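Structure file upload_25.txt (compact mmCIF, C-alpha atoms and all ligand atoms) is printed below.
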```txt
# COMPACT_ATOMS: atom_id res chain seq x y z
CA MET Y 22 0.00 0.00 0.00
CA LYS Y 23 1.34 3.43 -0.96
CA ILE Y 24 0.51 5.81 1.87
CA ALA Y 25 1.11 9.54 2.38
CA ILE Y 26 0.67 11.42 5.63
CA ILE Y 27 0.17 15.13 5.01
CA GLY Y 28 1.11 16.82 8.27
CA ALA Y 29 3.55 14.59 10.16
CA GLY Y 30 3.06 16.20 13.55
CA ASN Y 31 1.96 14.56 16.79
CA LEU Y 32 -0.84 12.47 15.31
CA GLY Y 33 0.80 12.02 11.89
CA ILE Y 34 3.97 10.63 13.46
CA SER Y 35 1.93 8.33 15.69
CA ILE Y 36 0.16 6.96 12.60
CA ALA Y 37 3.51 6.59 10.82
CA LYS Y 38 4.95 4.62 13.73
CA GLY Y 39 1.94 2.28 13.70
CA ILE Y 40 2.21 1.81 9.93
CA LEU Y 41 5.94 1.05 10.16
CA LYS Y 42 5.54 -1.28 13.14
CA ASN Y 43 2.90 -3.29 11.27
CA SER Y 44 4.63 -3.19 7.86
CA ILE Y 45 1.52 -2.15 5.95
CA ALA Y 46 3.11 0.33 3.53
CA SER Y 47 5.18 -0.35 0.42
CA SER Y 48 5.93 3.38 0.37
CA LEU Y 49 5.29 6.01 3.04
CA TYR Y 50 5.52 9.73 2.33
CA LEU Y 51 5.66 12.00 5.37
CA THR Y 52 5.20 15.71 4.79
CA LYS Y 53 5.51 18.88 6.83
CA ARG Y 54 6.95 22.33 6.20
CA HIS Y 55 9.87 21.98 8.61
CA VAL Y 56 11.17 18.48 8.00
CA ASP Y 57 14.19 18.51 10.36
CA SER Y 58 12.11 16.97 13.15
CA LEU Y 59 11.48 13.90 10.95
CA GLU Y 60 15.18 12.95 10.69
CA ALA Y 61 14.60 9.80 12.80
CA PHE Y 62 12.36 8.41 10.03
CA ASN Y 63 15.08 8.81 7.41
CA VAL Y 64 16.32 5.26 7.82
CA GLU Y 65 14.12 3.18 5.54
CA GLU Y 66 14.39 3.52 1.76
CA PHE Y 67 10.61 3.30 1.29
CA VAL Y 68 10.01 6.21 3.69
CA VAL Y 69 10.20 9.59 1.96
CA ILE Y 70 10.36 12.77 4.01
CA THR Y 71 9.42 15.85 2.06
CA LYS Y 72 7.91 19.34 2.17
CA ASP Y 73 6.28 18.60 -1.18
CA ASN Y 74 2.63 17.58 -0.67
CA LYS Y 75 2.07 17.22 -4.43
CA LEU Y 76 4.90 14.69 -4.71
CA ALA Y 77 3.50 12.73 -1.78
CA ILE Y 78 -0.05 12.72 -3.16
CA GLU Y 79 0.95 11.79 -6.71
CA ASN Y 80 3.02 8.83 -5.48
CA SER Y 81 0.43 7.43 -3.08
CA ASP Y 82 -2.96 5.72 -3.14
CA VAL Y 83 -3.96 6.46 0.43
CA VAL Y 84 -3.53 10.07 1.60
CA ILE Y 85 -4.06 10.78 5.30
CA PHE Y 86 -4.47 14.43 6.28
CA ALA Y 87 -3.28 15.18 9.83
CA VAL Y 88 -2.82 18.94 9.78
CA GLN Y 89 -4.36 21.42 12.19
CA PRO Y 90 -7.89 22.52 11.24
CA ASN Y 91 -6.83 26.03 10.16
CA HIS Y 92 -4.37 24.59 7.61
CA LEU Y 93 -6.63 22.09 5.88
CA GLU Y 94 -8.53 24.37 3.51
CA ALA Y 95 -5.40 25.90 1.94
CA ILE Y 96 -3.82 22.46 1.53
CA PHE Y 97 -6.95 21.12 -0.15
CA ILE Y 98 -7.19 24.10 -2.51
CA GLU Y 99 -3.51 23.88 -3.45
CA ASN Y 100 -3.58 20.13 -4.09
CA LYS Y 101 -7.05 19.70 -5.53
CA PRO Y 102 -5.70 19.18 -9.10
CA PHE Y 103 -3.68 16.16 -7.92
CA PHE Y 104 -6.54 14.25 -6.30
CA LYS Y 105 -7.57 11.38 -8.60
CA ASP Y 106 -10.33 8.78 -8.39
CA LYS Y 107 -7.78 6.16 -7.26
CA HIS Y 108 -7.02 8.14 -4.11
CA ILE Y 109 -8.46 7.21 -0.74
CA LEU Y 110 -8.43 10.58 1.01
CA ILE Y 111 -8.66 10.22 4.78
CA SER Y 112 -9.11 13.28 6.99
CA THR Y 113 -8.31 13.06 10.70
CA VAL Y 114 -8.87 16.78 11.08
CA THR Y 115 -11.14 17.80 13.96
CA GLY Y 116 -14.31 19.74 13.25
CA PHE Y 117 -14.11 19.50 9.46
CA SER Y 118 -17.19 17.69 8.16
CA ILE Y 119 -17.40 15.91 4.83
CA GLN Y 120 -19.84 18.66 3.85
CA ASN Y 121 -17.14 21.29 4.63
CA ILE Y 122 -14.66 19.32 2.55
CA THR Y 123 -17.15 18.97 -0.31
CA GLU Y 124 -17.62 22.74 -0.33
CA ILE Y 125 -13.86 23.24 -0.73
CA LEU Y 126 -13.23 20.49 -3.28
CA GLY Y 127 -16.46 20.83 -5.26
CA SER Y 128 -17.19 17.16 -4.59
CA SER Y 129 -16.54 14.86 -1.64
CA ASN Y 130 -13.90 12.94 -3.66
CA GLY Y 131 -14.99 9.94 -1.62
CA VAL Y 132 -13.27 11.39 1.40
CA VAL Y 133 -13.32 9.28 4.56
CA ARG Y 134 -13.14 10.81 8.03
CA ALA Y 135 -11.12 8.89 10.60
CA MET Y 136 -10.61 9.77 14.24
CA PRO Y 137 -7.73 7.71 15.62
CA ASN Y 138 -5.80 8.44 18.79
CA THR Y 139 -2.07 8.52 19.52
CA ALA Y 140 -2.15 4.91 20.77
CA ILE Y 141 -2.09 4.10 17.05
CA ALA Y 142 1.71 4.30 17.43
CA VAL Y 143 1.56 1.02 19.37
CA GLY Y 144 -1.33 -0.57 17.45
CA LYS Y 145 -3.89 0.23 20.17
CA SER Y 146 -5.95 3.06 18.70
CA MET Y 147 -9.72 3.21 19.09
CA THR Y 148 -10.53 4.69 15.70
CA CYS Y 149 -13.96 5.89 14.59
CA ILE Y 150 -14.59 6.13 10.85
CA SER Y 151 -17.32 7.82 8.79
CA THR Y 152 -18.04 8.49 5.18
CA MET Y 153 -20.84 9.73 2.97
CA ASP Y 154 -23.56 7.27 2.05
CA GLY Y 155 -22.55 5.13 -0.87
CA GLU Y 156 -18.77 5.37 -0.45
CA HIS Y 157 -18.48 1.74 0.59
CA THR Y 158 -15.30 0.80 -1.29
CA LYS Y 159 -13.15 3.57 0.15
CA LEU Y 160 -14.71 3.09 3.59
CA LYS Y 161 -13.81 -0.61 3.48
CA SER Y 162 -10.20 0.22 2.59
CA ALA Y 163 -9.96 2.70 5.46
CA VAL Y 164 -11.45 0.18 7.88
CA LYS Y 165 -8.89 -2.38 6.72
CA ILE Y 166 -5.98 -0.03 7.36
CA PHE Y 167 -7.09 1.17 10.80
CA SER Y 168 -8.08 -2.35 11.89
CA VAL Y 169 -4.43 -3.32 11.71
CA LEU Y 170 -3.65 -0.39 14.00
CA GLY Y 171 -6.22 -1.07 16.72
CA GLN Y 172 -9.99 -1.23 17.07
CA VAL Y 173 -12.36 0.35 14.54
CA LEU Y 174 -15.98 1.48 14.81
CA VAL Y 175 -17.82 2.79 11.75
CA ILE Y 176 -20.15 5.56 12.91
CA PRO Y 177 -22.59 8.01 11.32
CA GLU Y 178 -20.78 11.28 10.74
CA HIS Y 179 -22.95 13.25 13.17
CA LEU Y 180 -21.25 11.30 15.99
CA MET Y 181 -17.72 12.22 14.87
CA GLN Y 182 -17.53 15.24 17.20
CA ALA Y 183 -18.40 13.02 20.16
CA ALA Y 184 -15.93 10.35 19.01
CA THR Y 185 -13.21 13.00 18.91
CA VAL Y 186 -13.73 13.74 22.60
CA VAL Y 187 -14.20 10.15 23.79
CA CYS Y 188 -11.40 8.51 21.78
CA ALA Y 189 -8.93 11.12 20.51
CA SER Y 190 -8.94 13.50 23.49
CA GLY Y 191 -9.75 10.47 25.62
CA ILE Y 192 -6.13 9.34 25.59
CA ALA Y 193 -5.16 12.55 27.40
CA PHE Y 194 -8.03 12.18 29.86
CA TRP Y 195 -6.98 8.64 30.77
CA MET Y 196 -3.33 9.73 31.05
CA ARG Y 197 -4.42 12.30 33.62
CA MET Y 198 -6.22 9.58 35.61
CA ILE Y 199 -3.09 7.46 35.52
CA ARG Y 200 -0.99 10.42 36.62
CA ALA Y 201 -3.34 11.16 39.53
CA SER Y 202 -3.17 7.54 40.61
CA THR Y 203 0.63 7.68 40.34
CA GLN Y 204 0.76 10.79 42.52
CA ALA Y 205 -1.37 9.10 45.16
CA ALA Y 206 0.86 6.02 45.06
CA ILE Y 207 3.93 8.20 45.65
CA GLN Y 208 2.25 9.89 48.59
CA LEU Y 209 1.47 6.41 49.93
CA GLY Y 210 5.14 5.40 49.83
CA PHE Y 211 6.15 4.08 46.39
CA ASP Y 212 8.95 5.66 44.42
CA ALA Y 213 7.90 7.46 41.23
CA LYS Y 214 8.84 4.64 38.83
CA GLU Y 215 7.09 1.94 40.84
CA ALA Y 216 4.10 4.22 41.37
CA GLN Y 217 3.65 4.66 37.62
CA GLN Y 218 4.09 0.93 37.04
CA LEU Y 219 1.31 0.20 39.55
CA ALA Y 220 -1.00 2.83 38.04
CA MET Y 221 -0.40 1.82 34.39
CA TYR Y 222 -0.84 -1.91 34.82
CA THR Y 223 -3.83 -1.54 37.13
CA ALA Y 224 -5.50 0.65 34.47
CA GLU Y 225 -4.60 -1.93 31.81
CA GLY Y 226 -6.03 -4.71 33.99
CA ALA Y 227 -9.30 -2.82 34.52
CA ALA Y 228 -9.75 -2.25 30.77
CA HIS Y 229 -8.85 -5.86 29.96
CA LEU Y 230 -11.36 -7.19 32.50
CA LEU Y 231 -14.15 -5.31 30.74
CA ILE Y 232 -12.91 -6.24 27.25
CA ALA Y 233 -12.55 -9.93 28.13
CA THR Y 234 -15.80 -10.33 30.08
CA GLY Y 235 -18.08 -7.78 28.40
CA ASN Y 236 -19.20 -6.85 31.92
CA HIS Y 237 -20.44 -3.45 33.06
CA PRO Y 238 -17.87 -1.56 35.18
CA GLU Y 239 -20.18 -1.58 38.22
CA GLU Y 240 -20.32 -5.39 38.08
CA GLU Y 241 -16.55 -5.51 38.41
CA ILE Y 242 -16.61 -2.76 41.07
CA ASP Y 243 -19.04 -4.85 43.15
CA LYS Y 244 -16.41 -7.61 43.26
CA VAL Y 245 -13.85 -5.23 44.74
CA THR Y 246 -15.92 -3.33 47.28
CA THR Y 247 -15.80 -5.43 50.44
CA PRO Y 248 -18.61 -4.24 52.78
CA LYS Y 249 -17.32 -1.57 55.17
CA GLY Y 250 -14.00 -1.88 53.33
CA CYS Y 251 -11.44 0.58 52.05
CA THR Y 252 -12.55 0.51 48.37
CA ILE Y 253 -16.09 1.79 48.93
CA GLU Y 254 -14.68 4.36 51.35
CA GLY Y 255 -12.35 5.64 48.61
CA LEU Y 256 -14.95 5.47 45.82
CA ASN Y 257 -17.57 7.35 47.81
CA GLU Y 258 -15.09 10.07 48.79
CA MET Y 259 -14.11 10.42 45.09
CA GLU Y 260 -17.77 10.83 44.16
CA HIS Y 261 -18.37 13.33 47.01
CA GLN Y 262 -15.52 15.30 45.45
CA GLY Y 263 -17.22 15.09 42.04
CA LEU Y 264 -15.14 12.51 40.13
CA SER Y 265 -17.81 11.30 37.67
CA SER Y 266 -19.34 14.75 37.39
CA SER Y 267 -16.02 16.44 36.63
CA VAL Y 268 -15.13 13.85 33.97
CA ILE Y 269 -18.51 14.25 32.30
CA LYS Y 270 -18.41 18.05 32.51
CA GLY Y 271 -14.87 18.09 31.13
CA MET Y 272 -15.88 15.93 28.18
CA MET Y 273 -18.90 18.16 27.46
CA ALA Y 274 -16.62 21.25 27.50
CA SER Y 275 -14.25 19.47 25.13
CA TYR Y 276 -17.19 18.59 22.83
CA HIS Y 277 -18.47 22.17 22.66
CA LYS Y 278 -14.97 23.53 21.97
CA ILE Y 279 -15.02 21.64 18.66
CA ASP Y 280 -18.04 23.69 17.47
CA GLY Y 281 -15.86 26.62 16.47
CA ILE Y 282 -12.50 24.89 15.98
CA LYS Y 283 -12.59 24.94 12.18
CA ASP Y 284 -12.75 28.74 12.02
CA MET Y 285 -10.17 29.47 14.70
CA PRO Y 286 -7.13 31.41 13.43
N1 LIG F 1 -2.96 14.95 18.38
C1 LIG F 1 -3.93 14.05 18.49
O1 LIG F 1 -3.92 13.18 19.37
C2 LIG F 1 -5.06 14.04 17.51
C3 LIG F 1 -5.20 15.03 16.56
N2 LIG F 1 -6.23 14.98 15.68
C4 LIG F 1 -6.31 15.99 14.62
O2 LIG F 1 -5.18 15.81 13.80
C5 LIG F 1 -4.70 17.04 13.31
C6 LIG F 1 -3.24 17.22 13.68
O3 LIG F 1 -3.14 17.35 15.08
P1 LIG F 1 -1.70 17.30 15.77
O4 LIG F 1 -0.92 16.19 15.20
O5 LIG F 1 -1.96 17.35 17.22
O6 LIG F 1 -1.10 18.68 15.28
P2 LIG F 1 0.44 19.04 15.01
O7 LIG F 1 0.53 20.51 14.99
O8 LIG F 1 1.32 18.28 15.96
O9 LIG F 1 0.69 18.45 13.55
C7 LIG F 1 0.28 19.08 12.39
C8 LIG F 1 1.45 19.08 11.46
O10 LIG F 1 1.04 19.63 10.21
C9 LIG F 1 2.20 20.20 9.62
N3 LIG F 1 1.81 21.14 8.59
C10 LIG F 1 1.34 22.41 8.69
N4 LIG F 1 1.15 22.95 7.47
C11 LIG F 1 1.47 21.99 6.56
C12 LIG F 1 1.47 21.94 5.15
N5 LIG F 1 1.12 22.98 4.41
N6 LIG F 1 1.84 20.78 4.56
C13 LIG F 1 2.23 19.71 5.28
N7 LIG F 1 2.27 19.72 6.64
C14 LIG F 1 1.88 20.83 7.26
C15 LIG F 1 2.92 20.85 10.80
O11 LIG F 1 4.34 20.85 10.63
P3 LIG F 1 5.10 22.12 9.97
O12 LIG F 1 4.72 23.32 10.78
O13 LIG F 1 6.52 21.72 10.02
O14 LIG F 1 4.55 22.16 8.60
C16 LIG F 1 2.60 19.92 11.97
O15 LIG F 1 3.69 19.08 12.29
C17 LIG F 1 -5.60 18.10 13.90
O16 LIG F 1 -6.58 18.45 12.97
C18 LIG F 1 -6.22 17.42 15.10
O17 LIG F 1 -7.48 17.93 15.41
C19 LIG F 1 -7.15 13.98 15.67
C20 LIG F 1 -7.07 12.98 16.58
C21 LIG F 1 -6.04 12.93 17.60
O1 LIG F 2 -6.94 18.64 21.09
C1 LIG F 2 -7.33 18.60 19.92
O2 LIG F 2 -7.95 19.55 19.42
C2 LIG F 2 -7.03 17.40 19.06
C3 LIG F 2 -8.28 16.70 18.61
C4 LIG F 2 -8.42 15.51 19.46
C5 LIG F 2 -7.10 15.35 20.05
N1 LIG F 2 -6.35 16.38 19.81
```
For the structure just supplied, provide its representation as structure tokens.
Ligand SMILES: NC(=O)C1=CN([C@@H]2O[C@H](COP(=O)(O)OP(=O)(O)OC[C@H]3O[C@@H](n4cnc5c(N)ncnc54)[C@H](OP(=O)(O)O)[C@@H]3O)[C@@H](O)[C@H]2O)C=CC1
Ligand SMILES: O=C(O)[C@@H]1CCC=N1
Amino acid sequence: MKIAIIGAGNLGISIAKGILKNSIASSLYLTKRHVDSLEAFNVEEFVVITKDNKLAIENSDVVIFAVQPNHLEAIFIENKPFFKDKHILISTVTGFSIQNITEILGSSNGVVRAMPNTAIAVGKSMTCISTMDGEHTKLKSAVKIFSVLGQVLVIPEHLMQAATVVCASGIAFWMRMIRASTQAAIQLGFDAKEAQQLAMYTAEGAAHLLIATGNHPEEEIDKVTTPKGCTIEGLNEMEHQGLSSSVIKGMMASYHKIDGIKDMP
């Protein structure tokens, strides 16, 4: 598969790492304006680092756009003549609907929206994918690619804004939970490295329990909360302090921020 990533920044590099780790590209073009930061990728012959988006698009079948929202329109306008029917154009750009893209390009060009997260670098992304009705072939190809790099859920496009918060921003939210748990573990006597190890693997265990059993979180919580024990004491104090409420409110704030993100300077 010939793949280009237009905008090899934080997300673009994460996607590139996942692609390289899983050997799914016969050629991989990585573009950005300041390419010095991509030097570490200059080791494989089939990886091309360039400022030239046209070159990358013309030599690829799958083109993944991972630029900031305020850069996408100009890049589309500049490269519109080089988009051909063969191309699977995949936008990971937040707040840019397929309708917005259609208005810029004059047609949707079969564009697929994908919302991965940075865990794609280690093949553990939860990626949501949408397309316009009727674009089944390109959708299938996108699903195939992202399925190698983690879990995929095809969703109607109106849910893409929510998916951005839950899955893409979600990585940062879970990191903060793990950090908080680490800080508590340090206060309770572990050194920083051990504290993080305990927090990370306990979080991994919790997620795996749900994945493996299909159980509801409360079912698993009931198995941990010994009556009059320390777990329910801790959980109730967390809720008195607003744990669930603050997570939900934070995610709603994140969701509403996306409303105007496309037009931000
Ligand atoms: N970060 C994340 O976890 C996620 C991000 N997203 C979305 O992905 C997009 C990228 O986010 P993120 O990676 O965080 O942003 P970054 O700023 O880290 O990456 C964007 C990259 O685009 C490059 N760029 C800018 N202009 C051009 C151009 N004309 N041609 C080629 N490359 C260009 C920039 O490099 P240079 O300045 O050198 O050109 C930069 O490295 C955003 O739309 C974001 O909403 C979606 C899901 C998760
Ligand atoms: O913070 C952001 O705007 C982007 C989109 C989701 C993750 N990062």
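Counting only C-alpha atoms, the residue from Y:Ile26, Y:Ala274, Y:Val68, Y:Val132 that sits nearest to Y:Asp106 is Y:Val132.
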Problem set entry | Within 12 Å of ligand LIG 2 (chain F), counting all atoms listed in the file, residues as an NGL selection string | :Y and (30-33 or 87-91 or 113-117 or 135-140 or 148 or 181-194 or 272 or 274-283 or 285)
For this session: Would you list the contacts of Y:Met22 as a PyMOL selection string, taking every protein, DNA or RNA residue within 7 Å and counting all atoms listed in the file, but skipping same-chain residues closer than 6 positions in sequence?
Result: chain Y and resi 45-48
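The gap separating atom CA of Y:Asn63 from atom O10 of ligand LIG 1 (chain F) is 17.9 Å, in Å to one decimal.
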For this session: Find the residue from Y:His237, Y:Lys161, Y:Lys53, Y:Lys214 that sits nearest to Y:Val175; use all atoms listed in the file when measuring.
Result: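 Result for the nearest residue to Y:Val175: Y:Lys161.
Using only C-alpha atoms and all ligand atoms for every distance, the candidate list Y:Leu174, Y:Ala233, Y:Ile27, Y:Ala220 yields Y:Ile27 as the residue closest to ligand LIG 1 (chain F).
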For this session: Determine the nearest neighbour of Y:Ile85 from the options Y:Leu41, Y:Gly28, Y:Leu126, Y:Ser35, counting all atoms listed in the file.
Result: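 Among Y:Leu41, Y:Gly28, Y:Leu126, Y:Ser35, it is Y:Gly28 that comes nearest to Y:Ile85.
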For this session: Choose the residue, out of Y:Ile70, Y:Phe97, Y:Gln218, Y:Glu124, that has the smallest atom-to-atom separation from Y:Ser112; count all atoms listed in the file.
Result: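 Under the stated criterion, the closest residue is Y:Phe97.
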Exercise. Contacts of Y:Lys165 at 12 Å or less, counting all atoms listed in the file, minus same-chain residues fewer than 2 places along, as a PyMOL selection string?
Worked result: chain Y and resi 22+45+83+148+150+158-163+167-175
Residues from the last selection, C-alpha atoms, saved as a tab-separated table (two decimals), in the coordinates of the input:
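Just written: result-v8.tsv:
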```tsv
chain	number	residue	atom	x	y	z
Y	22	MET	CA	0.00	0.00	0.00
Y	45	ILE	CA	1.52	-2.15	5.95
Y	83	VAL	CA	-3.96	6.46	0.43
Y	148	THR	CA	-10.53	4.69	15.70
Y	150	ILE	CA	-14.59	6.13	10.85
Y	158	THR	CA	-15.30	0.80	-1.29
Y	159	LYS	CA	-13.15	3.57	0.15
Y	160	LEU	CA	-14.71	3.09	3.59
Y	161	LYS	CA	-13.81	-0.61	3.48
Y	162	SER	CA	-10.20	0.22	2.59
Y	163	ALA	CA	-9.96	2.70	5.46
Y	167	PHE	CA	-7.09	1.17	10.80
Y	168	SER	CA	-8.08	-2.35	11.89
Y	169	VAL	CA	-4.43	-3.32	11.71
Y	170	LEU	CA	-3.65	-0.39	14.00
Y	171	GLY	CA	-6.22	-1.07	16.72
Y	172	GLN	CA	-9.99	-1.23	17.07
Y	173	VAL	CA	-12.36	0.35	14.54
Y	174	LEU	CA	-15.98	1.48	14.81
Y	175	VAL	CA	-17.82	2.79	11.75
```
Seminar exercise, completed: From the list Y:Leu180, Y:Asp57, Y:Glu225, Y:Leu76, the nearest residue to Y:Asn100 using only C-alpha atoms is Y:Leu76
For this session: Please measure the separation of atom CA of Y:Lys72 and atom O7 of ligand LIG 1 (chain F), giving the value in Å to one decimal.
Result: 14.8 Å
Problem set entry | atom CA of Y:His55 to atom O14 of ligand LIG 1 (chain F), straight-line distance in Å | 5.3 Å
